[in-house]
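Structure data (CSV, C-alpha atoms) from data_8.csv:
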```csv
chain,number,residue,atom,x,y,z
A,914,VAL,CA,105.0,102.7,160.0
A,915,ALA,CA,107.8,103.8,162.3
A,916,SER,CA,110.4,106.2,161.0
A,917,VAL,CA,114.1,105.4,161.7
A,918,ASP,CA,116.6,108.2,161.6
A,919,ILE,CA,119.6,106.0,161.1
A,920,PRO,CA,120.4,105.4,157.4
A,921,SER,CA,121.3,101.9,156.3
A,922,ALA,CA,125.0,101.5,156.1
A,923,GLY,CA,124.9,100.6,152.4
A,924,VAL,CA,123.1,103.8,151.3
A,925,ALA,CA,125.0,106.1,153.6
A,926,SER,CA,128.3,104.7,152.4
A,927,ALA,CA,127.2,105.0,148.8
A,928,TYR,CA,126.9,108.8,149.4
A,929,ARG,CA,130.1,109.2,151.4
A,930,GLY,CA,132.6,111.5,149.6
A,931,ARG,CA,130.1,112.3,146.8
A,932,ILE,CA,129.4,115.7,145.3
A,933,VAL,CA,125.7,116.5,145.0
A,934,LEU,CA,123.9,119.5,143.4
A,935,VAL,CA,120.5,120.5,144.8
A,936,THR,CA,118.3,123.0,143.0
A,937,GLY,CA,115.2,124.6,144.5
A,938,VAL,CA,116.4,124.8,148.1
A,939,SER,CA,114.6,128.1,148.6
A,940,GLY,CA,111.3,126.4,148.1
A,941,PHE,CA,109.3,124.2,150.4
A,942,LEU,CA,110.2,120.9,148.8
A,943,GLY,CA,113.8,121.9,148.3
A,944,LYS,CA,114.2,122.8,152.0
A,945,VAL,CA,112.8,119.4,153.0
A,946,LEU,CA,115.1,117.6,150.5
A,947,LEU,CA,118.1,119.5,151.7
A,948,GLU,CA,117.4,118.8,155.4
A,949,ARG,CA,116.9,115.1,154.8
A,950,LEU,CA,120.0,114.9,152.7
A,951,LEU,CA,122.1,116.6,155.4
A,952,TRP,CA,120.5,114.4,158.1
A,953,GLU,CA,120.9,111.1,156.3
A,954,PHE,CA,124.2,111.6,154.6
A,955,PRO,CA,126.5,113.8,156.7
A,956,ASP,CA,129.6,112.5,154.9
A,957,LEU,CA,128.9,114.1,151.6
A,958,LYS,CA,132.1,115.6,150.2
A,959,GLU,CA,130.3,118.8,148.9
A,960,LEU,CA,126.9,120.2,148.4
A,961,ARG,CA,126.4,122.5,145.4
A,962,LEU,CA,123.3,124.7,145.5
A,963,LEU,CA,122.0,126.6,142.5
A,964,LEU,CA,119.9,129.6,143.4
A,965,ARG,CA,118.6,132.5,141.3
A,966,PHE,CA,119.6,136.1,142.1
A,967,GLY,CA,116.8,137.9,143.9
A,968,SER,CA,115.6,141.4,143.0
A,969,HIS,CA,117.8,142.9,145.7
A,970,ALA,CA,119.8,139.9,146.9
A,971,THR,CA,122.7,137.7,145.9
A,972,PRO,CA,122.1,133.9,145.9
A,973,GLN,CA,124.4,133.7,148.9
A,974,LEU,CA,122.3,136.2,150.8
A,975,ARG,CA,119.1,134.5,149.7
A,976,PHE,CA,120.5,131.2,151.0
A,977,ARG,CA,121.3,132.7,154.4
A,978,GLU,CA,118.0,134.6,154.7
A,979,GLU,CA,115.5,132.3,153.0
A,980,VAL,CA,116.9,128.8,153.6
A,981,LEU,CA,119.1,128.8,156.7
A,982,SER,CA,116.5,130.7,158.8
A,983,SER,CA,113.9,127.9,158.2
A,984,PRO,CA,112.8,125.9,161.3
A,985,ILE,CA,113.1,122.7,159.2
A,986,PHE,CA,116.8,122.6,160.2
A,987,SER,CA,116.1,122.5,164.0
A,988,ARG,CA,117.1,118.8,164.4
A,989,LEU,CA,120.3,119.4,162.5
A,990,GLU,CA,121.0,122.4,164.7
A,991,GLY,CA,120.5,120.1,167.7
A,992,ARG,CA,122.9,117.5,166.3
A,993,HIS,CA,125.6,120.2,165.7
A,994,GLY,CA,125.2,122.0,169.0
A,995,GLY,CA,123.1,125.0,167.9
A,996,ARG,CA,122.2,127.1,165.0
A,997,ALA,CA,125.6,128.9,164.6
A,998,ALA,CA,127.5,125.7,164.7
A,999,PHE,CA,125.2,124.0,162.2
A,1000,GLN,CA,125.4,126.9,159.8
A,1001,ALA,CA,129.2,127.2,160.1
A,1002,GLN,CA,129.5,123.5,159.4
A,1003,LEU,CA,127.1,123.6,156.4
A,1004,LEU,CA,128.8,126.6,154.9
A,1005,THR,CA,132.2,124.7,154.9
A,1006,LYS,CA,130.5,122.0,152.8
A,1007,ALA,CA,128.2,124.1,150.6
A,1008,ARG,CA,129.1,126.0,147.4
A,1009,ILE,CA,126.4,128.3,146.2
A,1010,PHE,CA,126.1,129.1,142.5
A,1011,GLY,CA,124.1,132.0,141.2
A,1012,GLY,CA,122.2,130.7,138.1
A,1013,ASP,CA,118.9,130.5,136.4
A,1014,LEU,CA,117.2,127.5,134.9
A,1015,ALA,CA,115.5,129.7,132.3
A,1016,HIS,CA,118.8,130.5,130.5
A,1017,ASP,CA,121.1,128.3,128.5
A,1018,GLY,CA,124.1,127.2,130.4
A,1019,LEU,CA,122.0,128.0,133.5
A,1020,GLY,CA,122.9,131.6,133.1
A,1021,LEU,CA,126.5,130.8,134.2
A,1022,ASP,CA,129.7,131.9,132.4
A,1023,GLY,CA,131.8,129.1,131.0
A,1024,ASP,CA,134.1,128.9,134.0
A,1025,ALA,CA,131.3,128.8,136.5
A,1026,TYR,CA,129.4,126.1,134.5
A,1027,ALA,CA,132.6,124.0,134.4
A,1028,ALA,CA,133.1,124.4,138.1
A,1029,LEU,CA,129.5,123.4,138.8
A,1030,ALA,CA,129.8,120.3,136.6
A,1031,SER,CA,133.3,119.3,137.8
A,1032,GLY,CA,133.3,116.0,139.7
A,1033,LEU,CA,129.5,116.1,140.1
A,1034,ASP,CA,128.0,112.7,141.1
A,1035,LEU,CA,124.3,113.5,141.5
A,1036,ILE,CA,121.8,116.2,140.7
A,1037,LEU,CA,118.6,116.5,142.9
A,1038,HIS,CA,116.5,118.9,140.8
A,1039,SER,CA,113.5,120.4,142.6
A,1040,ALA,CA,113.5,123.9,141.3
A,1041,ALA,CA,110.5,125.2,139.5
A,1042,LEU,CA,108.3,128.3,139.0
A,1043,VAL,CA,105.1,127.5,140.9
A,1044,SER,CA,103.2,130.8,140.8
A,1045,TRP,CA,99.6,130.4,139.5
A,1046,ASP,CA,99.8,133.6,137.6
A,1047,GLU,CA,103.2,133.0,135.9
A,1048,ARG,CA,103.3,133.5,132.1
A,1049,LEU,CA,103.2,130.2,130.3
A,1050,ASP,CA,106.4,130.9,128.3
A,1051,SER,CA,108.2,131.7,131.5
A,1052,SER,CA,107.0,128.5,133.1
A,1053,LEU,CA,108.0,126.5,130.1
A,1054,ARG,CA,111.5,128.1,130.0
A,1055,SER,CA,112.1,127.4,133.7
A,1056,ASN,CA,110.3,124.2,134.4
A,1057,THR,CA,110.4,122.2,131.1
A,1058,LEU,CA,113.5,123.5,129.5
A,1059,GLY,CA,115.1,123.9,132.9
A,1060,ALA,CA,114.9,120.2,133.5
A,1061,ARG,CA,116.4,119.6,130.1
A,1062,ARG,CA,119.3,122.0,131.0
A,1063,MET,CA,119.9,120.0,134.2
A,1064,LEU,CA,120.2,116.8,132.1
A,1065,GLU,CA,122.6,118.6,129.8
A,1066,LEU,CA,124.6,119.5,133.0
A,1067,ALA,CA,124.6,115.9,134.0
A,1068,LYS,CA,126.0,114.9,130.6
A,1069,HIS,CA,128.6,117.7,130.8
A,1070,ALA,CA,129.6,116.3,134.2
A,1071,GLY,CA,130.5,113.0,132.7
A,1072,GLY,CA,127.2,111.2,133.3
A,1073,ALA,CA,126.2,112.4,136.7
A,1074,ARG,CA,122.9,110.9,137.8
A,1075,MET,CA,119.8,113.1,138.0
A,1076,MET,CA,116.7,112.8,140.1
A,1077,HIS,CA,113.8,115.2,139.3
A,1078,VAL,CA,111.6,116.0,142.3
A,1079,SER,CA,108.4,117.8,141.5
A,1080,SER,CA,105.3,118.9,143.4
A,1081,ALA,CA,102.2,118.1,141.6
A,1082,PHE,CA,98.6,119.2,142.1
A,1083,VAL,CA,95.2,118.8,140.5
A,1084,HIS,CA,92.7,121.6,140.2
A,1085,GLY,CA,89.1,120.5,139.7
A,1086,GLN,CA,85.7,122.0,139.9
A,1087,ARG,CA,84.5,120.4,143.2
A,1088,ARG,CA,84.0,122.5,146.3
A,1089,GLY,CA,84.2,121.5,149.9
A,1090,HIS,CA,85.8,118.3,151.3
A,1091,CYS,CA,87.4,116.2,148.6
A,1092,PRO,CA,88.6,112.9,150.1
A,1093,GLU,CA,91.3,110.9,148.4
A,1094,SER,CA,90.2,107.4,147.6
A,1095,ILE,CA,90.9,104.6,145.2
A,1096,ARG,CA,87.8,103.6,143.2
A,1097,LEU,CA,87.8,100.2,141.5
A,1098,CYS,CA,86.3,99.9,138.1
A,1099,ARG,CA,83.4,97.4,137.8
A,1100,ALA,CA,85.6,94.6,136.3
A,1101,GLN,CA,88.1,94.9,139.2
A,1102,ALA,CA,85.4,94.9,141.8
A,1103,GLN,CA,83.8,91.6,140.4
A,1104,ALA,CA,87.2,89.8,139.9
A,1105,PRO,CA,87.6,86.8,142.3
```
Output the file's structure in the form of structure tokens.
Amino acid sequence: VASVDIPSAGVASAYRGRIVLVTGVSGFLGKVLLERLLWEFPDLKELRLLLRFGSHATPQLRFREEVLSSPIFSRLEGRHGGRAAFQAQLLTKARIFGGDLAHDGLGLDGDAYAALASGLDLILHSAALVSWDERLDSSLRSNTLGARRMLELAKHAGGARMMHVSSAFVHGQRRGHCPESIRLCRAQAQAP
């Protein structure tokens, strides 16, 4: 299947002038999602990005160091005439909010929460704790209750739409090569 980098006029125009919130942009899936969003829909009005505070970094610094430095943005850099031009253009469109899915109100004060929700059209939620050794209560607070908090934000925003993007995996007991295949049950295999 060939990939075409020109979005259909209908989809691109549907996003023109929209305000979109993306969570999880410091992770693998979030970076891919952000790059694709910027590539396909350059006429978004505003991008809002929710990032946690790091142990020694503000969300803004984390965005610059962990997200903007990623090679995934190379084709956008080419489109905009280099890394500096791309980053400058993106920073005029992006608003970064320091919050945390594990806390009510996303850890934001009332004014920041209202600003995050104001005029919001769409939430693309891909943030999650994915560490294998994370405590279960922490994972539930961020991943399960975090998704609920994003739905509450959508409601507070006047009914913004929300899309939840998740990475999923299965851990089994097999070792070695494990091919993916579709197995038909006996009744399906014998059907005419």
| task | Find the residues around stretch 931-948 of chain A up to 7 Å (only C-alpha atoms counted), leave out those fewer than 5 positions away in its own chain, and share them as a PyMOL selection string. | result | chain A and resi 957-964+979-980+985-986+1032-1041
| task | For atom CA of A:Phe966 and atom CA of A:Leu1021, quote the distance in Å rounded to one decimal. | result | 11.8 Å
| task | Would you mind reading off the distance between atom CA of A:Gly1072 and atom CA of A:Ser926, one decimal, in Å? | result |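 Computing the Euclidean distance for atom CA of A:Gly1072 and atom CA of A:Ser926 yields 20.2 Å.
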| Suppose you want the space between atom CA of A:Pro972 and atom CA of A:Glu1047; what is it in Å? |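 Computing it gives 21.4 Å between the two atoms.
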| From the set A:Leu951, A:Leu1019, A:Ile1009, A:Ala998, which residue has the shortest atom-to-atom contact distance to A:Gln973, counting only C-alpha atoms? | A:Ile1009
| query | Counting all atoms listed in the file, what is within 10 Å of A:His1069, bar same-chain residues fewer than 3 positions away, as a PyMOL selection string? | reply | chain A and resi 1026-1027+1029-1031+1033+1063-1066+1072-1073
| task | Can you pull out every residue within 12 Å of A:Leu1053, counting only C-alpha atoms, but drop anything in the same chain fewer than 6 positions away, and send it as a list in words? | result |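 Counting only the stated atoms, we get Leu1014, Ala1015, His1016, Ala1041, Leu1042, Val1043, Glu1047, Gly1059, Ala1060 and Arg1061 of chain A.
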| task | Could you check which of A:Arg929, A:Arg1048, A:Arg1062, A:Arg949 is closest to A:Arg988, using only C-alpha atoms? | result |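 That would be A:Arg949, the residue with the smallest distance to A:Arg988.
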| query | Which residue, A:Arg1054, A:Asp1046, A:Ser982, A:Pro955, has the smallest gap to A:Val924 when you use all atoms listed in the file? | reply |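 Nearest to A:Val924: A:Pro955.
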| Restricting the calculation to only C-alpha atoms, which member of A:Gly923, A:Ser983, A:Gly1023, A:Phe976 is positioned closest to A:Arg1008? |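 Between A:Gly923, A:Ser983, A:Gly1023, A:Phe976, the residue approaching A:Arg1008 most closely is A:Phe976.
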| Nearest to A:Trp952 among A:Ser1080, A:Ser1044, A:Thr1057, A:Ser987, with distances taken over only C-alpha atoms: which residue is it? |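 When distances to A:Trp952 are compared using only C-alpha atoms, the smallest one comes from A:Ser987.
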| said: Could you check the closest approach to A:Lys1006 for each of A:Tyr928, A:Asp956, A:Ala1070, A:Ser1079 and tell me which residue wins, using all atoms listed in the file? | reply: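 Looking only at the distances to A:Lys1006, the closest residue turns out to be A:Asp956.
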